[in-house]
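Novice: Contents of input19.cif (mmCIF, C-alpha atoms) are below:
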```
data_coords
#
loop_
_atom_site.group_PDB
_atom_site.id
_atom_site.type_symbol
_atom_site.label_atom_id
_atom_site.label_comp_id
_atom_site.auth_asym_id
_atom_site.auth_seq_id
_atom_site.Cartn_x
_atom_site.Cartn_y
_atom_site.Cartn_z
ATOM 1 C CA MET A 1 -11.298 -6.400 -23.685
ATOM 2 C CA THR A 2 -10.206 -5.090 -20.285
ATOM 3 C CA ARG A 3 -7.107 -7.226 -20.659
ATOM 4 C CA PHE A 4 -6.337 -5.501 -23.948
ATOM 5 C CA ILE A 5 -6.735 -2.040 -22.371
ATOM 6 C CA TRP A 6 -4.497 -3.127 -19.496
ATOM 7 C CA HIS A 7 -1.735 -4.144 -21.905
ATOM 8 C CA ALA A 8 -2.129 -0.882 -23.809
ATOM 9 C CA VAL A 9 -1.775 1.098 -20.565
ATOM 10 C CA ARG A 10 1.388 -0.820 -19.627
ATOM 11 C CA LEU A 11 2.865 -0.222 -23.064
ATOM 12 C CA LEU A 12 2.038 3.480 -22.875
ATOM 13 C CA ALA A 13 3.612 3.717 -19.402
ATOM 14 C CA ALA A 14 6.729 1.929 -20.671
ATOM 15 C CA PHE A 15 7.043 4.383 -23.577
ATOM 16 C CA LEU A 16 6.518 7.430 -21.362
ATOM 17 C CA VAL A 17 9.038 6.253 -18.741
ATOM 18 C CA ALA A 18 11.580 5.274 -21.416
ATOM 19 C CA GLY A 19 11.183 8.671 -23.095
ATOM 20 C CA MET A 20 11.688 10.451 -19.800
ATOM 21 C CA ALA A 21 14.726 8.306 -18.996
ATOM 22 C CA VAL A 22 16.329 9.146 -22.352
ATOM 23 C CA GLY A 23 15.713 12.860 -21.735
ATOM 24 C CA LEU A 24 17.179 12.668 -18.226
ATOM 25 C CA ALA A 25 20.174 10.641 -19.457
ATOM 26 C CA PHE A 26 20.833 13.341 -22.042
ATOM 27 C CA THR A 27 20.664 15.949 -19.254
ATOM 28 C CA ILE A 28 23.135 14.026 -17.074
ATOM 29 C CA VAL A 29 25.594 13.555 -19.943
ATOM 30 C CA SER A 30 25.422 17.210 -20.983
ATOM 31 C CA LEU A 31 25.686 18.705 -17.466
ATOM 32 C CA PRO A 32 28.174 21.576 -17.283
ATOM 33 C CA PRO A 33 31.326 20.939 -15.201
ATOM 34 C CA ALA A 34 30.474 21.048 -11.498
ATOM 35 C CA SER A 35 31.352 24.175 -9.583
ATOM 36 C CA PRO A 36 33.569 23.361 -6.595
ATOM 37 C CA GLU A 37 32.344 26.464 -4.729
ATOM 38 C CA LEU A 38 30.339 24.661 -2.054
ATOM 39 C CA ALA A 39 33.042 22.012 -1.489
ATOM 40 C CA LEU A 40 35.643 24.775 -1.102
ATOM 41 C CA THR A 41 33.446 26.706 1.342
ATOM 42 C CA VAL A 42 33.159 23.563 3.463
ATOM 43 C CA ALA A 43 36.929 22.919 3.203
ATOM 44 C CA ASP A 44 37.727 26.506 4.227
ATOM 45 C CA ASN A 45 35.573 26.310 7.346
ATOM 46 C CA MET A 46 36.574 22.838 8.481
ATOM 47 C CA THR A 47 38.850 24.153 11.242
ATOM 48 C CA LYS A 48 35.862 25.910 12.847
ATOM 49 C CA SER A 49 33.552 22.887 12.661
ATOM 50 C CA GLY A 50 34.861 20.868 15.634
ATOM 51 C CA VAL A 51 35.310 17.644 13.610
ATOM 52 C CA SER A 52 37.681 16.656 10.825
ATOM 53 C CA HIS A 53 35.313 14.679 8.578
ATOM 54 C CA PRO A 54 33.532 16.995 6.113
ATOM 55 C CA VAL A 55 30.277 14.982 5.883
ATOM 56 C CA THR A 56 29.881 14.994 9.681
ATOM 57 C CA ALA A 57 30.680 18.711 9.744
ATOM 58 C CA VAL A 58 27.948 19.380 7.165
ATOM 59 C CA LEU A 59 25.421 17.118 8.901
ATOM 60 C CA LEU A 60 25.814 18.360 12.448
ATOM 61 C CA ASN A 61 27.283 21.827 12.112
ATOM 62 C CA PHE A 62 26.881 23.652 8.783
ATOM 63 C CA ARG A 63 23.474 22.217 7.905
ATOM 64 C CA GLY A 64 22.343 21.246 11.396
ATOM 65 C CA TYR A 65 18.768 22.347 10.705
ATOM 66 C CA ASP A 66 18.320 19.593 8.104
ATOM 67 C CA THR A 67 19.441 16.944 10.530
ATOM 68 C CA LEU A 68 17.328 18.336 13.358
ATOM 69 C CA LEU A 69 14.224 18.265 11.173
ATOM 70 C CA GLU A 70 15.106 14.778 10.031
ATOM 71 C CA MET A 71 15.109 13.542 13.621
ATOM 72 C CA ALA A 72 11.655 15.104 13.927
ATOM 73 C CA VAL A 73 10.525 13.307 10.743
ATOM 74 C CA LEU A 74 11.585 9.979 12.286
ATOM 75 C CA LEU A 75 9.434 10.678 15.338
ATOM 76 C CA LEU A 76 6.527 11.744 13.105
ATOM 77 C CA ALA A 77 6.744 8.497 11.135
ATOM 78 C CA LEU A 78 6.659 6.624 14.428
ATOM 79 C CA VAL A 79 3.588 8.581 15.596
ATOM 80 C CA GLY A 80 1.941 7.787 12.256
ATOM 81 C CA THR A 81 2.674 4.086 12.593
ATOM 82 C CA TRP A 82 1.486 3.985 16.177
ATOM 83 C CA SER A 83 -1.787 5.732 15.385
ATOM 84 C CA LEU A 84 -2.700 3.079 12.810
ATOM 85 C CA ALA A 85 -2.711 -0.078 14.881
ATOM 86 C CA PRO A 86 -1.634 -1.603 18.177
ATOM 87 C CA ILE A 87 1.352 -3.926 18.056
ATOM 88 C CA GLN A 88 0.858 -7.439 16.721
ATOM 89 C CA GLU A 89 1.344 -10.055 19.391
ATOM 90 C CA MET A 90 4.665 -11.670 18.525
ATOM 91 C CA PRO A 91 4.571 -15.453 18.652
ATOM 92 C CA PRO A 92 7.138 -16.843 21.104
ATOM 93 C CA VAL A 93 10.180 -18.231 19.339
ATOM 94 C CA THR A 94 12.518 -20.805 20.836
ATOM 95 C CA PRO A 95 15.762 -20.651 18.883
ATOM 96 C CA VAL A 96 17.924 -23.738 18.512
ATOM 97 C CA ALA A 97 21.130 -23.803 20.570
ATOM 98 C CA VAL A 98 23.420 -22.633 17.747
ATOM 99 C CA LEU A 99 21.252 -19.617 16.876
ATOM 100 C CA ASP A 100 20.883 -18.761 20.545
ATOM 101 C CA SER A 101 24.621 -18.791 21.271
ATOM 102 C CA LEU A 102 25.342 -16.977 18.002
ATOM 103 C CA THR A 103 23.123 -14.051 18.998
ATOM 104 C CA ARG A 104 24.760 -14.007 22.451
ATOM 105 C CA LEU A 105 28.143 -13.769 20.711
ATOM 106 C CA LEU A 106 27.055 -11.210 18.118
ATOM 107 C CA THR A 107 25.318 -8.798 20.499
ATOM 108 C CA PRO A 108 28.452 -7.474 22.270
ATOM 109 C CA LEU A 109 30.348 -7.411 18.961
ATOM 110 C CA ILE A 110 27.631 -5.338 17.297
ATOM 111 C CA MET A 111 27.464 -3.007 20.316
ATOM 112 C CA LEU A 112 31.232 -2.542 20.037
ATOM 113 C CA THR A 113 30.868 -1.723 16.325
ATOM 114 C CA VAL A 114 28.058 0.748 17.117
ATOM 115 C CA GLY A 115 30.409 2.507 19.557
ATOM 116 C CA TYR A 116 33.228 2.496 17.033
ATOM 117 C CA LEU A 117 31.066 3.945 14.235
ATOM 118 C CA LEU A 118 29.818 6.666 16.588
ATOM 119 C CA TRP A 119 33.360 7.565 17.597
ATOM 120 C CA ALA A 120 34.748 7.336 14.054
ATOM 121 C CA GLY A 121 32.209 9.866 12.733
ATOM 122 C CA ALA A 122 34.393 12.756 13.907
ATOM 123 C CA HIS A 123 37.242 11.949 11.512
ATOM 124 C CA ALA A 124 36.142 9.215 9.085
ATOM 125 C CA PRO A 125 32.956 7.892 7.461
ATOM 126 C CA GLY A 126 30.614 6.945 10.304
ATOM 127 C CA GLY A 127 28.535 8.822 12.824
ATOM 128 C CA ALA A 128 25.071 8.779 14.327
ATOM 129 C CA PHE A 129 23.136 7.487 11.317
ATOM 130 C CA GLN A 130 25.368 4.539 10.567
ATOM 131 C CA ALA A 131 25.672 3.635 14.252
ATOM 132 C CA GLY A 132 21.918 4.055 14.763
ATOM 133 C CA ALA A 133 21.095 1.863 11.762
ATOM 134 C CA LEU A 134 23.366 -0.867 13.126
ATOM 135 C CA LEU A 135 21.750 -0.588 16.555
ATOM 136 C CA ALA A 136 18.331 -0.992 14.935
ATOM 137 C CA ALA A 137 19.613 -4.032 13.037
ATOM 138 C CA LEU A 138 20.725 -5.550 16.342
ATOM 139 C CA GLY A 139 17.229 -4.970 17.729
ATOM 140 C CA VAL A 140 15.640 -6.678 14.712
ATOM 141 C CA LEU A 141 18.074 -9.596 15.007
ATOM 142 C CA LEU A 142 17.330 -10.086 18.698
ATOM 143 C CA ASN A 143 13.602 -9.808 18.083
ATOM 144 C CA LEU A 144 13.630 -12.381 15.268
ATOM 145 C CA THR A 145 15.671 -14.822 17.332
ATOM 146 C CA GLY A 146 13.130 -14.811 20.139
ATOM 147 C CA TRP A 147 14.287 -12.171 22.627
ATOM 148 C CA ARG A 148 11.437 -10.069 23.998
ATOM 149 C CA LEU A 149 11.517 -6.901 26.061
ATOM 150 C CA PRO A 150 9.169 -6.956 29.058
ATOM 151 C CA ILE A 151 6.202 -4.759 28.117
ATOM 152 C CA ASP A 152 6.803 -2.453 31.137
ATOM 153 C CA ALA A 153 10.183 -1.462 29.752
ATOM 154 C CA THR A 154 8.530 -0.120 26.610
ATOM 155 C CA GLN A 155 6.293 2.368 28.446
ATOM 156 C CA CYS A 156 8.226 5.519 29.275
ATOM 157 C CA TYR A 157 11.938 4.645 29.173
ATOM 158 C CA LEU A 158 11.792 3.696 25.529
ATOM 159 C CA ARG A 159 9.835 6.835 24.638
ATOM 160 C CA ALA A 160 12.330 8.983 26.544
ATOM 161 C CA ILE A 161 15.191 7.454 24.531
ATOM 162 C CA MET A 162 13.286 8.045 21.288
ATOM 163 C CA ALA A 163 12.900 11.736 22.068
ATOM 164 C CA ALA A 164 16.440 12.102 23.496
ATOM 165 C CA GLY A 165 18.121 12.727 20.129
ATOM 166 C CA LEU A 166 15.803 15.591 19.227
ATOM 167 C CA ILE A 167 16.024 17.086 22.734
ATOM 168 C CA ALA A 168 19.836 16.867 22.803
ATOM 169 C CA PHE A 169 19.943 18.542 19.392
ATOM 170 C CA LEU A 170 17.689 21.402 20.537
ATOM 171 C CA LEU A 171 19.738 21.844 23.742
ATOM 172 C CA ALA A 172 22.984 22.043 21.771
ATOM 173 C CA ALA A 173 21.380 24.538 19.380
ATOM 174 C CA ALA A 174 20.013 26.656 22.229
ATOM 175 C CA ASN A 175 23.493 26.693 23.776
ATOM 176 C CA GLY A 176 24.266 29.386 21.180
ATOM 177 C CA TRP A 177 21.882 31.764 22.974
ATOM 178 C CA VAL A 178 23.624 31.219 26.314
ATOM 179 C CA HIS A 179 26.864 32.398 24.728
ATOM 180 C CA GLY A 180 25.254 35.389 23.041
ATOM 181 C CA MET A 181 25.304 33.821 19.598
ATOM 182 C CA HIS A 182 22.635 32.710 17.144
ATOM 183 C CA PHE A 183 20.504 29.605 17.545
ATOM 184 C CA PHE A 184 22.546 26.679 16.188
ATOM 185 C CA SER A 185 25.948 28.339 16.374
ATOM 186 C CA TYR A 186 28.454 26.417 18.442
ATOM 187 C CA PRO A 187 31.246 28.274 20.310
ATOM 188 C CA HIS A 188 34.588 27.207 18.785
ATOM 189 C CA ASP A 189 36.029 25.546 21.853
ATOM 190 C CA GLN A 190 32.802 23.594 22.509
ATOM 191 C CA ALA A 191 31.972 22.517 18.960
ATOM 192 C CA HIS A 192 33.606 19.096 19.187
ATOM 193 C CA MET A 193 31.988 18.292 22.530
ATOM 194 C CA LEU A 194 28.540 19.476 21.398
ATOM 195 C CA ILE A 195 28.702 17.387 18.221
ATOM 196 C CA GLN A 196 29.685 14.287 20.205
ATOM 197 C CA PHE A 197 26.842 15.010 22.647
ATOM 198 C CA ILE A 198 24.278 15.250 19.834
ATOM 199 C CA GLU A 199 25.640 12.188 18.054
ATOM 200 C CA THR A 200 25.556 9.973 21.127
ATOM 201 C CA PHE A 201 21.906 10.678 21.875
ATOM 202 C CA ALA A 202 20.985 10.698 18.181
ATOM 203 C CA THR A 203 22.479 7.197 17.784
ATOM 204 C CA LEU A 204 20.325 5.858 20.618
ATOM 205 C CA SER A 205 17.221 7.633 19.305
ATOM 206 C CA ILE A 206 17.688 6.579 15.688
ATOM 207 C CA GLY A 207 18.437 2.986 16.667
ATOM 208 C CA ILE A 208 15.468 2.594 18.995
ATOM 209 C CA THR A 209 13.088 4.500 16.697
ATOM 210 C CA LEU A 210 14.001 2.482 13.601
ATOM 211 C CA PHE A 211 13.661 -0.753 15.568
ATOM 212 C CA THR A 212 10.267 0.288 16.925
ATOM 213 C CA LEU A 213 9.161 1.215 13.405
ATOM 214 C CA PHE A 214 10.023 -2.375 12.451
ATOM 215 C CA LEU A 215 7.480 -3.628 14.998
ATOM 216 C CA LEU A 216 4.801 -1.714 13.022
ATOM 217 C CA GLY A 217 2.523 -0.897 15.908
ATOM 218 C CA ARG A 218 2.092 0.913 19.197
ATOM 219 C CA THR A 219 4.372 -0.753 21.753
ATOM 220 C CA ALA A 220 2.315 -0.352 24.895
ATOM 221 C CA PRO A 221 -1.434 -0.879 25.298
ATOM 222 C CA HIS A 222 -3.359 2.059 26.772
ATOM 223 C CA MET B 1 34.260 11.893 -14.784
ATOM 224 C CA VAL B 2 33.537 8.513 -16.372
ATOM 225 C CA THR B 3 32.827 7.045 -12.923
ATOM 226 C CA ALA B 4 30.418 9.870 -12.162
ATOM 227 C CA LEU B 5 28.578 9.254 -15.439
ATOM 228 C CA LEU B 6 28.410 5.518 -14.773
ATOM 229 C CA TYR B 7 26.900 6.090 -11.309
ATOM 230 C CA GLY B 8 24.568 8.779 -12.618
ATOM 231 C CA LEU B 9 23.244 6.671 -15.488
ATOM 232 C CA THR B 10 22.876 3.556 -13.291
ATOM 233 C CA GLY B 11 20.901 5.630 -10.803
ATOM 234 C CA LEU B 12 18.757 6.931 -13.649
ATOM 235 C CA GLY B 13 18.108 3.350 -14.801
ATOM 236 C CA LEU B 14 16.968 2.356 -11.300
ATOM 237 C CA PHE B 15 14.753 5.451 -11.150
ATOM 238 C CA ALA B 16 13.091 4.555 -14.478
ATOM 239 C CA LEU B 17 12.551 0.905 -13.450
ATOM 240 C CA GLY B 18 11.041 2.003 -10.137
ATOM 241 C CA LEU B 19 8.761 4.543 -11.782
ATOM 242 C CA TYR B 20 7.504 2.004 -14.341
ATOM 243 C CA ALA B 21 6.797 -0.547 -11.594
ATOM 244 C CA LEU B 22 5.060 2.093 -9.467
ATOM 245 C CA ILE B 23 2.681 2.861 -12.343
ATOM 246 C CA THR B 24 1.967 -0.686 -13.518
ATOM 247 C CA GLN B 25 2.030 -2.864 -10.374
ATOM 248 C CA THR B 26 -1.252 -3.029 -8.475
ATOM 249 C CA HIS B 27 -0.160 -4.807 -5.280
ATOM 250 C CA LEU B 28 0.591 -2.125 -2.685
ATOM 251 C CA LEU B 29 3.672 -3.945 -1.365
ATOM 252 C CA ARG B 30 5.105 -3.951 -4.884
ATOM 253 C CA LYS B 31 4.335 -0.256 -5.212
ATOM 254 C CA LEU B 32 6.219 0.368 -1.961
ATOM 255 C CA LEU B 33 9.191 -1.653 -3.223
ATOM 256 C CA ALA B 34 9.056 0.330 -6.468
ATOM 257 C CA ILE B 35 9.249 3.593 -4.502
ATOM 258 C CA ASN B 36 12.318 2.232 -2.700
ATOM 259 C CA VAL B 37 14.071 1.303 -5.965
ATOM 260 C CA LEU B 38 13.155 4.717 -7.380
ATOM 261 C CA GLY B 39 14.525 6.456 -4.275
ATOM 262 C CA GLY B 40 17.723 4.401 -4.372
ATOM 263 C CA GLY B 41 18.240 5.548 -7.960
ATOM 264 C CA ILE B 42 17.852 9.196 -6.948
ATOM 265 C CA PHE B 43 20.373 8.768 -4.109
ATOM 266 C CA LEU B 44 22.832 7.154 -6.523
ATOM 267 C CA VAL B 45 22.479 10.052 -8.982
ATOM 268 C CA LEU B 46 22.928 12.642 -6.225
ATOM 269 C CA GLY B 47 25.890 10.873 -4.623
ATOM 270 C CA GLY B 48 27.552 9.794 -7.862
ATOM 271 C CA LEU B 49 27.474 13.151 -9.603
ATOM 272 C CA THR B 50 29.532 14.737 -6.785
ATOM 273 C CA ARG B 51 32.516 12.952 -8.320
ATOM 274 C CA ARG B 52 32.438 15.392 -11.233
ATOM 275 C CA LEU B 53 34.645 17.886 -9.379
ATOM 276 C CA ALA B 54 38.265 18.242 -10.437
ATOM 277 C CA ASP B 55 41.328 17.168 -8.378
ATOM 278 C CA ASN B 56 39.505 14.398 -6.466
ATOM 279 C CA LEU B 57 37.710 17.099 -4.473
ATOM 280 C CA ILE B 58 34.502 15.599 -3.095
ATOM 281 C CA ASP B 59 31.535 17.808 -2.292
ATOM 282 C CA PRO B 60 30.323 16.663 1.163
ATOM 283 C CA VAL B 61 26.993 18.528 1.017
ATOM 284 C CA PRO B 62 25.170 16.096 -1.333
ATOM 285 C CA HIS B 63 26.615 13.198 0.686
ATOM 286 C CA ALA B 64 25.107 14.603 3.876
ATOM 287 C CA MET B 65 21.789 15.103 2.065
ATOM 288 C CA VAL B 66 21.820 11.496 0.843
ATOM 289 C CA ILE B 67 22.424 10.198 4.396
ATOM 290 C CA THR B 68 19.513 12.291 5.633
ATOM 291 C CA GLY B 69 17.408 11.124 2.698
ATOM 292 C CA ILE B 70 18.069 7.438 3.323
ATOM 293 C CA VAL B 71 16.884 7.659 6.924
ATOM 294 C CA VAL B 72 13.740 9.538 5.892
ATOM 295 C CA ASP B 73 13.201 6.914 3.164
ATOM 296 C CA ILE B 74 13.339 4.109 5.752
ATOM 297 C CA ALA B 75 10.868 5.939 7.987
ATOM 298 C CA ALA B 76 8.522 6.558 5.049
ATOM 299 C CA THR B 77 8.727 2.892 4.028
ATOM 300 C CA ALA B 78 7.840 1.775 7.548
ATOM 301 C CA LEU B 79 4.863 4.146 7.609
ATOM 302 C CA GLY B 80 3.821 2.887 4.167
ATOM 303 C CA LEU B 81 4.013 -0.724 5.355
ATOM 304 C CA ALA B 82 1.891 0.100 8.389
ATOM 305 C CA ILE B 83 -0.712 1.709 6.094
ATOM 306 C CA VAL B 84 -0.678 -1.306 3.742
ATOM 307 C CA MET B 85 -1.210 -3.666 6.694
ATOM 308 C CA ARG B 86 -4.051 -1.481 7.987
ATOM 309 C CA ILE B 87 -5.728 -1.465 4.562
ATOM 310 C CA HIS B 88 -5.397 -5.250 4.453
ATOM 311 C CA ALA B 89 -6.806 -5.625 7.974
ATOM 312 C CA LEU B 90 -9.809 -3.379 7.244
ATOM 313 C CA THR B 91 -10.732 -4.406 3.687
ATOM 314 C CA GLY B 92 -8.978 -7.721 3.079
ATOM 315 C CA HIS B 93 -7.445 -6.285 -0.090
ATOM 316 C CA THR B 94 -3.859 -5.365 -0.897
ATOM 317 C CA THR B 95 -4.718 -3.088 -3.822
ATOM 318 C CA LEU B 96 -6.292 0.335 -4.163
ATOM 319 C CA PRO B 97 -10.082 0.381 -4.816
ATOM 320 C CA GLU B 98 -9.781 1.796 -8.356
ATOM 321 C CA GLU B 99 -7.319 -0.909 -9.335
ATOM 322 C CA ARG B 100 -9.449 -3.878 -8.287
ATOM 323 C CA GLU B 101 -10.860 -5.953 -11.141
#
```
Please render this file's structure as structure tokens.
Specialist:
Amino acid sequence: MTRFIWHAVRLLAAFLVAGMAVGLAFTIVSLPPASPELALTVADNMTKSGVSHPVTAVLLNFRGYDTLLEMAVLLLALVGTWSLAPIQEMPPVTPVAVLDSLTRLLTPLIMLTVGYLLWAGAHAPGGAFQAGALLAALGVLLNLTGWRLPIDATQCYLRAIMAAGLIAFLLAAANGWVHGMHFFSYPHDQAHMLIQFIETFATLSIGITLFTLFLLGRTAPH
Amino acid sequence: MVTALLYGLTGLGLFALGLYALITQTHLLRKLLAINVLGGGIFLVLGGLTRRLADNLIDPVPHAMVITGIVVDIAATALGLAIVMRIHALTGHTTLPEERE
């Protein structure tokens, strides 16, 4: 009997979801032509932004608040994960020779790519998020192939790096006050430098934070 | 325009699949995966529909929002995984109490 009810519930859910999907599909197909207003506003102000790639300009200049809060969300997720459980003791892994030398080869290459993505963000697709995600992937790769950080290194240095992105962002935003402007407004001649400053620290923070999230536990015992 | 519709409708399909799985699957890990599929669909809709502008003009604002969204999605998934593991460690179950048979 319960099995019958369970099937009925699944069927009902399928019908409801399918009905909603058809309604949404109809909405997407019948959307009015998009207004280019926002894209044009961005294009008109690109010369003031300090970078030449529009997505980076939106992320770190025009809508900097979003990105600032997002860095804070990353830290909050980390605090949430850490408050649930201490880190699981990782079993020692001894990689075979090929895997070991492969990771030794890949590490500098990935670091080089991280640097390239960070630098490219100013004028092409790239920037702090892509570079940070790659850095985190490198951390996961090294961890899975048996490399372990000494536990002392995870105490305060790692936490300082995690917070560095948010702090650099706030400093760059507060720089507006020093120059008699609003919070989060960059002086024209400094915009490029400030964005690079934020992106460099944000890359480190995002990379280390995402990697530490992967460990799913507090890194250092209290 | 056709490309935008294709992306939009594919994203919608992923969203519907994810939503159905979220409702019907009982294992928490599957629910978390369903949320990820659902979120990926939403990102595809948001990113794909920016191609609707004329003259190959691309609106960078939704793109920036999608990048932000993806990072928040990863963080939320990690937090969700930590909660699932905690529930498993404390109760030995991987389902919610009201969904246990």
Novice: Should the cut-off be 8 Å, what would the residue list for chain A against chain B look like, counting only C-alpha atoms, as a PyMOL selection string?
Specialist: chain A and resi 10+13-14+17-18+21+24-25+28-29+33-36+38-39+42+54-56+58-59+66-67+70+73-74+77-78+80-81+84-85+129+210+213-214+216-217
Novice: Expanded to explicit residues, what is the PyMOL selection byres ((chain A and resi 128) around 7) for this file, as a list of chain:residue names?
Specialist: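 When the PyMOL selection byres ((chain A and resi 128) around 7) is applied to the shown file, the picked residues are A:Leu118, A:Gly127, A:Phe129, A:Gln130, A:Ala131, A:Gly132, A:Glu199, A:Thr200, A:Ala202, A:Thr203.
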Novice: Find the distance between atom CA of Thr94 of chain A and atom CA of Arg148 of chain A and write it in Å to one decimal.
Specialist: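 One can read the atom CA of Thr94 of chain A to atom CA of Arg148 of chain A distance as 11.2 Å.
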Novice: I need the output of the PyMOL selection byres ((chain A and resi 103) around 12) for this file as a VMD selection string; which residues are they?
Specialist: chain A and resid 95 to 102 104 to 111 138 to 147
Novice: Identify, on the basis of all atoms listed in the file, every residue whose closest approach to Leu170 of chain A does not exceed 10 Å; exclude the query and any residue fewer than 3 positions from it along the same chain; express the result as a list in words.
Specialist: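 Surrounding residues, per the criterion: Tyr65, Leu68, Ala164, Gly165, Leu166, Ile167, Ala173, Ala174, Asn175, Phe183, Phe184 and Ile198 of chain A.
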Novice: For the residues in that selection, give me C-alpha atoms as a PDB file, in the frame of the given file.
Specialist:
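And here's result.pdb as it stands now:
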```pdb
ATOM      1  CA  TYR A  65      18.768  22.347  10.705  1.00  0.00           C
ATOM      2  CA  LEU A  68      17.328  18.336  13.358  1.00  0.00           C
ATOM      3  CA  ALA A 164      16.440  12.102  23.496  1.00  0.00           C
ATOM      4  CA  GLY A 165      18.121  12.727  20.129  1.00  0.00           C
ATOM      5  CA  LEU A 166      15.803  15.591  19.227  1.00  0.00           C
ATOM      6  CA  ILE A 167      16.024  17.086  22.734  1.00  0.00           C
ATOM      7  CA  ALA A 173      21.380  24.538  19.380  1.00  0.00           C
ATOM      8  CA  ALA A 174      20.013  26.656  22.229  1.00  0.00           C
ATOM      9  CA  ASN A 175      23.493  26.693  23.776  1.00  0.00           C
ATOM     10  CA  PHE A 183      20.504  29.605  17.545  1.00  0.00           C
ATOM     11  CA  PHE A 184      22.546  26.679  16.188  1.00  0.00           C
ATOM     12  CA  ILE A 198      24.278  15.250  19.834  1.00  0.00           C
TER      13      ILE A 198
END
```
Novice: Any idea what's packed within 8 Å of Leu22 of chain B, counting all atoms listed in the file, ignoring anything in its chain fewer than 4 positions away? Could you give it as a ChimeraX atom specification?
Specialist: /B:18,30-32,34-35
Novice: Can you save segment 84-89 of chain B of the given block to a file, including all heavy atoms and formatted as a PDB file, in the first residue's frame?
Specialist:
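Written out: decode-v3.pdb:
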```pdb
ATOM      1  N   VAL B  84      25.458  16.732   5.434  1.00  0.00           N
ATOM      2  CA  VAL B  84      25.081  15.336   5.174  1.00  0.00           C
ATOM      3  C   VAL B  84      25.994  14.386   5.952  1.00  0.00           C
ATOM      4  O   VAL B  84      25.530  13.419   6.595  1.00  0.00           O
ATOM      5  CB  VAL B  84      25.162  15.025   3.662  1.00  0.00           C
ATOM      6  CG1 VAL B  84      24.977  13.534   3.414  1.00  0.00           C
ATOM      7  CG2 VAL B  84      24.107  15.805   2.903  1.00  0.00           C
ATOM      8  N   MET B  85      27.308  14.667   5.935  1.00  0.00           N
ATOM      9  CA  MET B  85      28.245  13.790   6.644  1.00  0.00           C
ATOM     10  C   MET B  85      28.005  13.832   8.145  1.00  0.00           C
ATOM     11  O   MET B  85      28.124  12.815   8.840  1.00  0.00           O
ATOM     12  CB  MET B  85      29.689  14.196   6.321  1.00  0.00           C
ATOM     13  CG  MET B  85      30.091  13.759   4.926  1.00  0.00           C
ATOM     14  SD  MET B  85      31.726  14.307   4.493  1.00  0.00           S
ATOM     15  CE  MET B  85      32.718  13.238   5.502  1.00  0.00           C
ATOM     16  N   ARG B  86      27.643  15.007   8.655  1.00  0.00           N
ATOM     17  CA  ARG B  86      27.360  15.146  10.093  1.00  0.00           C
ATOM     18  C   ARG B  86      26.114  14.353  10.450  1.00  0.00           C
ATOM     19  O   ARG B  86      26.075  13.659  11.467  1.00  0.00           O
ATOM     20  CB  ARG B  86      27.176  16.641  10.407  1.00  0.00           C
ATOM     21  CG  ARG B  86      27.151  16.959  11.874  1.00  0.00           C
ATOM     22  CD  ARG B  86      28.506  16.803  12.489  1.00  0.00           C
ATOM     23  NE  ARG B  86      28.422  16.969  13.935  1.00  0.00           N
ATOM     24  CZ  ARG B  86      29.190  16.315  14.782  1.00  0.00           C
ATOM     25  NH1 ARG B  86      30.094  15.477  14.345  1.00  0.00           N
ATOM     26  NH2 ARG B  86      29.065  16.507  16.071  1.00  0.00           N
ATOM     27  N   ILE B  87      25.068  14.462   9.611  1.00  0.00           N
ATOM     28  CA  ILE B  87      23.838  13.702   9.864  1.00  0.00           C
ATOM     29  C   ILE B  87      24.147  12.208   9.874  1.00  0.00           C
ATOM     30  O   ILE B  87      23.702  11.460  10.748  1.00  0.00           O
ATOM     31  CB  ILE B  87      22.773  14.026   8.781  1.00  0.00           C
ATOM     32  CG1 ILE B  87      22.254  15.453   8.949  1.00  0.00           C
ATOM     33  CG2 ILE B  87      21.608  13.037   8.856  1.00  0.00           C
ATOM     34  CD1 ILE B  87      21.315  15.891   7.858  1.00  0.00           C
ATOM     35  N   HIS B  88      24.982  11.784   8.920  1.00  0.00           N
ATOM     36  CA  HIS B  88      25.342  10.361   8.851  1.00  0.00           C
ATOM     37  C   HIS B  88      26.131   9.942  10.098  1.00  0.00           C
ATOM     38  O   HIS B  88      25.891   8.870  10.654  1.00  0.00           O
ATOM     39  CB  HIS B  88      26.153  10.095   7.588  1.00  0.00           C
ATOM     40  CG  HIS B  88      26.558   8.672   7.443  1.00  0.00           C
ATOM     41  ND1 HIS B  88      25.648   7.672   7.184  1.00  0.00           N
ATOM     42  CD2 HIS B  88      27.758   8.068   7.551  1.00  0.00           C
ATOM     43  CE1 HIS B  88      26.275   6.516   7.130  1.00  0.00           C
ATOM     44  NE2 HIS B  88      27.559   6.720   7.344  1.00  0.00           N
ATOM     45  N   ALA B  89      27.052  10.807  10.539  1.00  0.00           N
ATOM     46  CA  ALA B  89      27.868  10.464  11.702  1.00  0.00           C
ATOM     47  C   ALA B  89      27.015  10.389  12.968  1.00  0.00           C
ATOM     48  O   ALA B  89      27.248   9.543  13.834  1.00  0.00           O
ATOM     49  CB  ALA B  89      28.988  11.495  11.872  1.00  0.00           C
TER      50      ALA B  89
END
```
